[in-house]
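Participant: This one is my_file.pdb, PDB, C-alpha atoms.
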ATOM      1  CA  VAL A 243      93.391-268.482 -43.852
ATOM      2  CA  TRP A 244      91.385-271.108 -45.717
ATOM      3  CA  ALA A 245      91.776-272.349 -49.288
ATOM      4  CA  LEU A 246      88.974-273.994 -51.283
ATOM      5  CA  ASN A 247      90.127-277.117 -53.104
ATOM      6  CA  GLU A 248      87.974-278.240 -56.034
ATOM      7  CA  ASN A 249      86.919-281.870 -56.069
ATOM      8  CA  GLU A 250      86.356-284.060 -59.141
ATOM      9  CA  ASP A 251      82.583-283.683 -58.835
ATOM     10  CA  GLY A 252      82.873-279.888 -58.909
ATOM     11  CA  SER A 253      82.321-279.396 -55.196
ATOM     12  CA  TYR A 254      84.862-277.659 -52.950
ATOM     13  CA  THR A 255      86.556-278.701 -49.746
ATOM     14  CA  PRO A 256      87.914-276.002 -47.415
ATOM     15  CA  GLU A 257      91.450-276.490 -46.136
ATOM     16  CA  GLU A 258      93.128-274.314 -43.518
ATOM     17  CA  VAL A 259      96.551-272.948 -44.500
ATOM     18  CA  GLU A 260      98.067-272.699 -41.046
ATOM     19  CA  GLU A 261     101.370-271.281 -42.313
ATOM     20  CA  LEU A 262      99.558-268.100 -43.420
ATOM     21  CA  GLU A 263      97.815-267.476 -40.095
ATOM     22  CA  ASN A 264      98.114-263.793 -39.070
ATOM     23  CA  ILE A 265     100.479-263.159 -41.983
ATOM     24  CA  LEU A 266      99.433-259.478 -42.268
ATOM     25  CA  GLN A 267      99.652-257.504 -39.019
ATOM     26  CA  TYR A 268      98.426-253.911 -38.650
ATOM     27  CA  SER A 269     101.168-251.857 -36.968
ATOM     28  CA  GLY A 270      99.747-248.346 -36.890
ATOM     29  CA  SER A 271      99.392-245.229 -39.025
ATOM     30  CA  SER A 272     101.632-242.180 -39.215
ATOM     31  CA  ILE A 273     102.284-238.930 -41.054
ATOM     32  CA  ARG A 274     104.850-238.737 -43.851
ATOM     33  CA  ILE A 275     106.386-235.295 -44.157
ATOM     34  CA  THR A 276     109.204-235.883 -46.679
ATOM     35  CA  GLY A 277     108.471-235.822 -50.395
ATOM     36  CA  LYS A 278     104.742-235.736 -51.011
ATOM     37  CA  LYS A 279     103.118-235.238 -47.646
ATOM     38  CA  GLY A 280     100.504-237.778 -46.637
ATOM     39  CA  ILE A 281      99.434-240.497 -44.244
ATOM     40  CA  ARG A 282     100.674-244.039 -44.296
ATOM     41  CA  MET A 283      99.318-247.341 -43.049
ATOM     42  CA  ILE A 284     102.017-249.610 -41.616
ATOM     43  CA  THR A 285     101.795-253.395 -42.025
ATOM     44  CA  SER A 286     104.154-255.990 -40.555
ATOM     45  CA  ILE A 287     105.106-259.432 -41.844
ATOM     46  CA  GLU A 288     107.378-261.902 -40.076
ATOM     47  CA  LYS A 289     110.750-261.800 -41.844
ATOM     48  CA  ASN A 290     111.117-265.567 -42.130
ATOM     49  CA  LYS A 291     107.637-265.890 -43.662
ATOM     50  CA  LYS A 292     108.410-263.174 -46.195
ATOM     51  CA  GLU A 293     111.654-264.973 -47.115
ATOM     52  CA  ASP A 294     109.838-268.285 -47.549
ATOM     53  CA  LEU A 295     107.087-266.719 -49.664
ATOM     54  CA  THR A 296     109.648-265.228 -52.068
ATOM     55  CA  ALA A 297     111.759-268.411 -52.251
ATOM     56  CA  ALA A 298     110.539-272.015 -51.906
ATOM     57  CA  GLY A 299     107.038-270.962 -50.836
ATOM     58  CA  LEU A 300     104.920-271.185 -47.699
ATOM     59  CA  GLY A 301     101.958-273.513 -47.328
ATOM     60  CA  GLY A 302     102.156-274.255 -51.038
ATOM     61  CA  TYR A 303     102.028-270.580 -52.085
ATOM     62  CA  LYS A 304     104.491-268.006 -53.364
ATOM     63  CA  LEU A 305     104.199-264.215 -53.122
ATOM     64  CA  LEU A 306     103.147-262.109 -56.096
ATOM     65  CA  GLU A 307     102.131-258.818 -54.475
ATOM     66  CA  TYR A 308     101.174-257.089 -51.247
ATOM     67  CA  GLY A 309      99.980-253.578 -50.462
ATOM     68  CA  THR A 310      97.071-251.576 -49.056
ATOM     69  CA  VAL A 311      93.488-251.072 -50.237
ATOM     70  CA  LEU A 312      91.354-248.209 -48.902
ATOM     71  CA  ALA A 313      88.131-246.308 -49.377
ATOM     72  CA  TRP A 314      86.214-243.503 -47.737
ATOM     73  CA  SER A 315      84.196-245.162 -45.000
ATOM     74  CA  SER A 316      81.059-243.417 -46.262
ATOM     75  CA  ASP A 317      81.443-245.322 -49.559
ATOM     76  CA  LEU A 318      81.213-248.641 -47.691
ATOM     77  CA  GLU A 319      77.761-248.029 -46.244
ATOM     78  CA  GLY A 320      75.388-250.908 -46.774
ATOM     79  CA  ASN A 321      78.070-253.486 -45.904
ATOM     80  CA  LYS A 322      79.994-253.013 -49.141
ATOM     81  CA  PRO A 323      83.229-255.033 -49.082
ATOM     82  CA  LEU A 324      86.643-253.399 -48.928
ATOM     83  CA  VAL A 325      88.395-255.587 -51.494
ATOM     84  CA  LEU A 326      90.373-255.183 -54.683
ATOM     85  CA  GLY A 327      88.501-254.497 -57.898
ATOM     86  CA  GLN A 328      85.735-252.319 -56.484
ATOM     87  CA  GLU A 329      85.063-248.976 -58.157
ATOM     88  CA  TYR A 330      84.992-247.120 -54.832
ATOM     89  CA  ALA A 331      88.243-248.662 -53.536
ATOM     90  CA  LYS A 332      91.785-247.579 -54.340
ATOM     91  CA  HIS A 333      94.931-249.623 -53.833
ATOM     92  CA  ASN A 334      98.660-249.603 -54.366
ATOM     93  CA  TYR A 335     101.302-252.257 -53.934
ATOM     94  CA  ALA A 336     104.435-252.096 -51.838
ATOM     95  CA  TYR A 337     105.831-255.413 -53.034
ATOM     96  CA  LYS A 338     105.392-256.698 -56.570
ATOM     97  CA  LYS A 339     107.346-259.657 -57.874
ATOM     98  CA  ARG A 340     110.365-258.534 -59.910
ATOM     99  CA  GLU A 341     109.198-254.885 -59.750
ATOM    100  CA  ALA A 342     109.254-253.439 -56.215
ATOM    101  CA  ASP A 343     110.282-254.499 -52.711
ATOM    102  CA  PRO A 344     110.768-251.470 -50.421
ATOM    103  CA  VAL A 345     111.082-251.903 -46.661
ATOM    104  CA  PHE A 346     109.862-249.209 -44.275
ATOM    105  CA  LYS A 347     111.804-250.585 -41.298
ATOM    106  CA  TYR A 348     112.557-253.679 -39.259
ATOM    107  CA  GLU A 349     111.161-254.251 -35.761
ATOM    108  CA  GLY A 350     112.586-257.379 -34.130
ATOM    109  CA  ASN A 351     111.535-260.317 -36.284
ATOM    110  CA  LEU A 352     109.098-258.183 -38.269
ATOM    111  CA  MET A 353     109.524-256.464 -41.616
ATOM    112  CA  GLN A 354     107.267-253.435 -42.126
ATOM    113  CA  TYR A 355     105.927-251.914 -45.317
ATOM    114  CA  THR A 356     103.770-248.866 -45.911
ATOM    115  CA  ASN A 357     101.585-247.268 -48.538
ATOM    116  CA  VAL A 358     101.048-243.507 -48.475
ATOM    117  CA  LEU A 359      97.847-241.598 -49.229
ATOM    118  CA  VAL A 360      98.541-238.154 -50.734
ATOM    119  CA  GLY A 361      96.579-235.431 -52.487
ATOM    120  CA  PHE A 362      93.832-234.896 -49.889
ATOM    121  CA  THR A 363      92.300-231.567 -48.910
ATOM    122  CA  LEU A 364      92.061-230.213 -45.378
ATOM    123  CA  ASP A 365      88.292-230.751 -45.384
ATOM    124  CA  GLN A 366      88.840-234.428 -46.263
ATOM    125  CA  CYS A 367      90.979-234.761 -43.127
ATOM    126  CA  LYS A 368      87.746-234.834 -41.114
ATOM    127  CA  GLU A 369      86.355-237.939 -42.816
ATOM    128  CA  ASP A 370      87.063-241.553 -41.840
ATOM    129  CA  ILE A 371      89.053-243.747 -44.195
ATOM    130  CA  SER A 372      88.808-247.552 -44.093
ATOM    131  CA  MET A 373      92.125-249.283 -44.765
ATOM    132  CA  ARG A 374      93.327-252.872 -44.907
ATOM    133  CA  SER A 375      96.374-254.719 -46.172
ATOM    134  CA  TYR A 376      96.195-257.354 -48.883
ATOM    135  CA  MET A 377      98.449-260.096 -50.277
ATOM    136  CA  ILE A 378      98.198-261.937 -53.598
ATOM    137  CA  LEU A 379      99.623-265.462 -53.612
ATOM    138  CA  GLU A 380      99.981-268.161 -56.268
ATOM    139  CA  ASN A 381     100.273-271.932 -55.965
ATOM    140  CA  GLU A 382     102.200-274.337 -58.171
ATOM    141  CA  ASN A 383      99.197-274.694 -60.492
ATOM    142  CA  GLY A 384      99.134-270.976 -61.202
ATOM    143  CA  GLU A 385      95.981-270.466 -59.127
ATOM    144  CA  GLN A 386      95.928-267.150 -57.307
ATOM    145  CA  MET A 387      94.539-266.375 -53.862
ATOM    146  CA  THR A 388      94.091-262.934 -52.268
ATOM    147  CA  ILE A 389      94.095-262.626 -48.488
ATOM    148  CA  TYR A 390      93.304-259.512 -46.450
ATOM    149  CA  GLY A 391      94.257-258.082 -43.089
ATOM    150  CA  GLY A 392      91.729-256.559 -40.716
ATOM    151  CA  THR A 393      90.010-253.293 -41.603
ATOM    152  CA  VAL A 394      91.041-250.148 -39.710
ATOM    153  CA  GLN A 395      89.081-246.871 -39.709
ATOM    154  CA  ARG A 396      90.970-243.636 -39.134
ATOM    155  CA  SER A 397      90.558-240.009 -40.139
ATOM    156  CA  ILE A 398      93.620-238.114 -41.288
ATOM    157  CA  GLY A 399      92.885-235.608 -38.540
ATOM    158  CA  TYR A 400      92.942-238.345 -35.913
ATOM    159  CA  ILE A 401      96.290-239.647 -37.188
ATOM    160  CA  ALA A 402      97.670-236.099 -37.112
ATOM    161  CA  TRP A 403      96.465-235.771 -33.499
ATOM    162  CA  GLN A 404      98.239-239.033 -32.597
ATOM    163  CA  ASN A 405     101.440-237.519 -34.003
ATOM    164  CA  ARG A 406     101.029-234.090 -32.399
ATOM    165  CA  GLY A 407     104.155-234.494 -30.239
ATOM    166  CA  ALA A 408     106.303-236.338 -32.752
ATOM    167  CA  PHE A 409     108.039-233.301 -34.256
ATOM    168  CA  ARG A 410     109.988-230.379 -32.885
ATOM    169  CA  THR A 411     108.084-227.114 -32.521
ATOM    170  CA  GLY A 412     108.596-224.735 -35.441
ATOM    171  CA  THR A 413     109.747-227.362 -37.950
ATOM    172  CA  ALA A 414     108.005-227.911 -41.282
ATOM    173  CA  ALA A 415     106.775-231.296 -40.037
ATOM    174  CA  TYR A 416     105.333-229.772 -36.860
ATOM    175  CA  ASN A 417     103.574-227.022 -38.833
ATOM    176  CA  TYR A 418     102.129-229.551 -41.294
ATOM    177  CA  VAL A 419     100.700-231.777 -38.555
ATOM    178  CA  TRP A 420      99.249-228.856 -36.624
ATOM    179  CA  GLU A 421      97.722-227.315 -39.753
ATOM    180  CA  ILE A 422      95.645-230.489 -40.043
ATOM    181  CA  ILE A 423      94.844-230.601 -36.326
ATOM    182  CA  ARG A 424      93.646-226.986 -36.196
ATOM    183  CA  HIS A 425      91.427-227.532 -39.230
ATOM    184  CA  VAL A 426      89.803-230.641 -37.774
ATOM    185  CA  TYR A 427      89.755-229.872 -34.058
ATOM    186  CA  ALA A 428      88.710-226.910 -31.938
ATOM    187  CA  GLU A 429      90.701-226.080 -28.819
ATOM    188  CA  VAL A 430      88.694-225.292 -25.701
ATOM    189  CA  LYS A 431      90.696-223.349 -23.096
ATOM    190  CA  PHE A 432      89.603-222.786 -19.511
ATOM    191  CA  LYS A 433      90.524-219.579 -17.710
ATOM    192  CA  THR A 434      89.792-220.160 -14.025
ATOM    193  CA  ASN A 435      90.146-216.563 -12.801
ATOM    194  CA  GLY A 436      92.263-217.418  -9.789
ATOM    195  CA  GLY A 437      91.028-220.967  -9.313
ATOM    196  CA  SER A 438      92.888-224.239  -9.735
ATOM    197  CA  ALA A 439      94.096-224.962 -13.275
ATOM    198  CA  VAL A 440      91.958-226.810 -15.816
ATOM    199  CA  GLU A 441      93.773-228.192 -18.847
ATOM    200  CA  SER A 442      92.608-227.217 -22.321
ATOM    201  CA  VAL A 443      91.052-229.916 -24.499
ATOM    202  CA  PHE A 444      90.623-230.512 -28.219
ATOM    203  CA  VAL A 445      87.293-231.625 -29.649
ATOM    204  CA  GLN A 446      86.483-232.451 -33.254
ATOM    205  CA  LYS A 447      84.641-229.526 -34.789
ATOM    206  CA  GLY A 448      80.923-230.158 -34.761
ATOM    207  CA  GLY A 449      81.132-232.225 -31.571
ATOM    208  CA  SER A 450      80.506-231.234 -27.978
ATOM    209  CA  VAL A 451      83.049-230.889 -25.202
ATOM    210  CA  GLU A 452      82.867-232.920 -22.017
ATOM    211  CA  ARG A 453      82.349-230.862 -18.881
ATOM    212  CA  PRO A 454      85.589-230.865 -16.834
ATOM    213  CA  ALA A 455      85.762-231.312 -13.104
ATOM    214  CA  ALA A 456      84.967-228.037 -11.340
ATOM    215  CA  PRO A 457      88.006-225.967 -10.316
ATOM    216  CA  GLU A 458      88.490-224.876  -6.728
ATOM    217  CA  LYS A 459      89.203-221.507  -5.158
ATOM    218  CA  GLU A 460      89.583-220.887  -1.458
ATOM    219  CA  GLY A 461      86.673-218.939   0.010
ATOM    220  CA  TYR A 462      84.582-219.236  -3.148
ATOM    221  CA  VAL A 463      82.039-221.560  -4.749
ATOM    222  CA  PHE A 464      82.355-222.336  -8.457
ATOM    223  CA  ALA A 465      79.352-220.941 -10.366
ATOM    224  CA  GLY A 466      79.854-222.198 -13.908
ATOM    225  CA  TRP A 467      81.673-221.543 -17.189
ATOM    226  CA  TYR A 468      81.011-218.504 -19.347
ATOM    227  CA  LYS A 469      81.835-217.600 -22.945
ATOM    228  CA  ASP A 470      82.857-214.008 -22.220
ATOM    229  CA  GLU A 471      85.177-212.318 -19.722
ATOM    230  CA  ALA A 472      82.286-210.225 -18.424
ATOM    231  CA  LEU A 473      80.563-213.483 -17.390
ATOM    232  CA  THR A 474      77.230-212.623 -18.988
ATOM    233  CA  GLU A 475      76.709-215.608 -21.328
ATOM    234  CA  SER A 476      76.939-219.118 -19.893
ATOM    235  CA  PHE A 477      78.423-221.937 -21.977
ATOM    236  CA  ASP A 478      76.233-224.820 -23.105
ATOM    237  CA  PHE A 479      78.193-228.075 -22.911
ATOM    238  CA  THR A 480      75.626-229.841 -25.116
ATOM    239  CA  ALA A 481      76.123-227.423 -28.021
ATOM    240  CA  ALA A 482      78.318-228.178 -31.033
ATOM    241  CA  VAL A 483      81.752-226.536 -30.945
ATOM    242  CA  GLU A 484      82.728-225.161 -34.350
ATOM    243  CA  GLU A 485      85.786-223.081 -33.482
ATOM    244  CA  SER A 486      88.333-222.674 -30.730
ATOM    245  CA  VAL A 487      87.008-220.921 -27.652
ATOM    246  CA  THR A 488      88.143-219.732 -24.224
ATOM    247  CA  LEU A 489      85.788-220.274 -21.294
ATOM    248  CA  TYR A 490      85.853-218.221 -18.100
ATOM    249  CA  ALA A 491      85.084-219.408 -14.591
ATOM    250  CA  LYS A 492      82.544-217.549 -12.461
ATOM    251  CA  TRP A 493      82.868-217.551  -8.661
ATOM    252  CA  ALA A 494      80.603-216.644  -5.750
ATOM    253  CA  LEU A 495      81.689-215.921  -2.185
ATOM    254  CA  GLU A 496      80.853-218.762   0.169
ATOM    255  CA  GLY A 497      77.616-218.152   2.099
ATOM    256  CA  ASP A 498      77.058-214.800   0.437
ATOM    257  CA  LEU A 499      74.989-215.248  -2.742
ATOM    258  CA  SER A 500      72.256-217.276  -4.409
ATOM    259  CA  VAL A 501      73.758-218.728  -7.570
ATOM    260  CA  THR A 502      71.828-220.006 -10.569
ATOM    261  CA  ILE A 503      73.416-223.249 -11.781
ATOM    262  CA  THR A 504      72.976-223.747 -15.524
ATOM    263  CA  ASN A 505      73.949-226.447 -18.023
ATOM    264  CA  ALA A 506      74.440-228.963 -15.229
ATOM    265  CA  GLU A 507      73.980-232.702 -15.499
ATOM    266  CA  TYR A 508      70.489-232.228 -14.029
ATOM    267  CA  ASP A 509      67.708-229.722 -14.643
ATOM    268  CA  PRO A 510      68.757-226.083 -14.014
ATOM    269  CA  THR A 511      67.935-225.056 -10.444
ATOM    270  CA  THR A 512      68.513-222.221  -8.044
ATOM    271  CA  LYS A 513      70.660-223.133  -5.081
ATOM    272  CA  SER A 514      71.214-220.987  -2.026
ATOM    273  CA  ILE A 515      74.837-220.849  -0.936
TER
END
Rewrite the coordinates I just gave you, this time as structure tokens.

Facilitator:
Amino acid sequence: VWALNENEDGSYTPEEVEELENILQYSGSSIRITGKKGIRMITSIEKNKKEDLTAAGLGGYKLLEYGTVLAWSSDLEGNKPLVLGQEYAKHNYAYKKREADPVFKYEGNLMQYTNVLVGFTLDQCKEDISMRSYMILENENGEQMTIYGGTVQRSIGYIAWQNRGAFRTGTAAYNYVWEIIRHVYAEVKFKTNGGSAVESVFVQKGGSVERPAAPEKEGYVFAGWYKDEALTESFDFTAAVEESVTLYAKWALEGDLSVTITNAEYDPTTKSI
């Protein structure tokens, strides 16, 4: 953190404020399921630094306010800054001098605060949000300085996916998280028809799924994945996945058939087995 000190001739001299180095630390994002449901960004501050900022001061500054500022990432195109006072950015404080000072939790020597984003639609869960913490400080001359933490980009769907195992199955919290996940992600299941198991995967709707390692089946050669149980329509791994799907494995007896390999990593060919 650097402060600009004005000189008598009107020029400025930068001065590093070492005491404020790494004052705002990003500590993750999570889902809030009590009260108004939403997502929260978690920021940590060293407890002793917070105490100094609200008492005698730290590096010549005292604390006025801290919180979180955010915007849809699409609104920041063209290198627009994510700072307070911009029409496209929204913010809320967690601490405000003589008004509010909630604590989310303590972790060792860290005090954590959060701000919660609520009121979003399921479709908005697909879009990236840019978030960063901020802190407003004041020196003994009444001059204010705003410092910012690093910017983090997350979609609400991604945060829900990170929290997919955090709640017990069947609870309201579990249902809320999975409602978001199912709206944002498609599940691709693999039915191997007697072959070795292949785990299902989730892919963001509109994206493509990575081809898994081929399953194995004694006495047979794997002949590709198909979209239907009758094995008449092969699956294109380069195509966009828009909804959950089950894929079916096709097998050929070893040394018995010519099998057409499609949608491979190389040009489709015919290979004699």

Participant: Just to confirm, what's the straight-line distance from CA of Glu382 (chain A) to CA of Ser253 (chain A) in Å (one decimal)?

Facilitator: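 Separation of CA of Glu382 (chain A) and CA of Ser253 (chain A): 20.7 Å.
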
Participant: What does the PyMOL selection byres ((chain A and resi 311) around 9) select in this file, as a short mmCIF file (atom, residue, chain, number, x, y, z; two decimals) with C-alpha atoms, keeping the file's coordinate frame?

Facilitator:
data_model
loop_
_atom_site.label_atom_id
_atom_site.label_comp_id
_atom_site.auth_asym_id
_atom_site.auth_seq_id
_atom_site.Cartn_x
_atom_site.Cartn_y
_atom_site.Cartn_z
CA GLY A 309 99.98 -253.58 -50.46
CA THR A 310 97.07 -251.58 -49.06
CA LEU A 312 91.35 -248.21 -48.90
CA ALA A 313 88.13 -246.31 -49.38
CA LEU A 324 86.64 -253.40 -48.93
CA VAL A 325 88.40 -255.59 -51.49
CA LEU A 326 90.37 -255.18 -54.68
CA ALA A 331 88.24 -248.66 -53.54
CA LYS A 332 91.78 -247.58 -54.34
CA HIS A 333 94.93 -249.62 -53.83
CA ASN A 334 98.66 -249.60 -54.37
CA TYR A 335 101.30 -252.26 -53.93
CA SER A 372 88.81 -247.55 -44.09
CA MET A 373 92.12 -249.28 -44.76
CA ARG A 374 93.33 -252.87 -44.91
CA SER A 375 96.37 -254.72 -46.17
CA TYR A 376 96.20 -257.35 -48.88
#

Participant: Considering all atoms listed in the file, state which residue in the set A:Ala472, A:Ile422, A:Met283, A:Ile401 is at the smallest distance from Thr363 (chain A).

Facilitator: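 When distances to Thr363 (chain A) are compared using all atoms listed in the file, the smallest one comes from A:Ile422.
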
Participant: As a ChimeraX atom specification, please: the residues near region 456-465 of chain A (cut-off 8 Å, all atoms listed in the file, same-chain neighbours under 6 positions excluded).

Facilitator: /A:434,436-440,491-496,501-503

Participant: Any chance you could resolve the PyMOL selection byres ((chain A and resi 403) around 12) against this file and give the residues as a PyMOL selection string?

Facilitator: chain A and resi 271-273+367-368+396-402+404-409+416+418-428+444-446
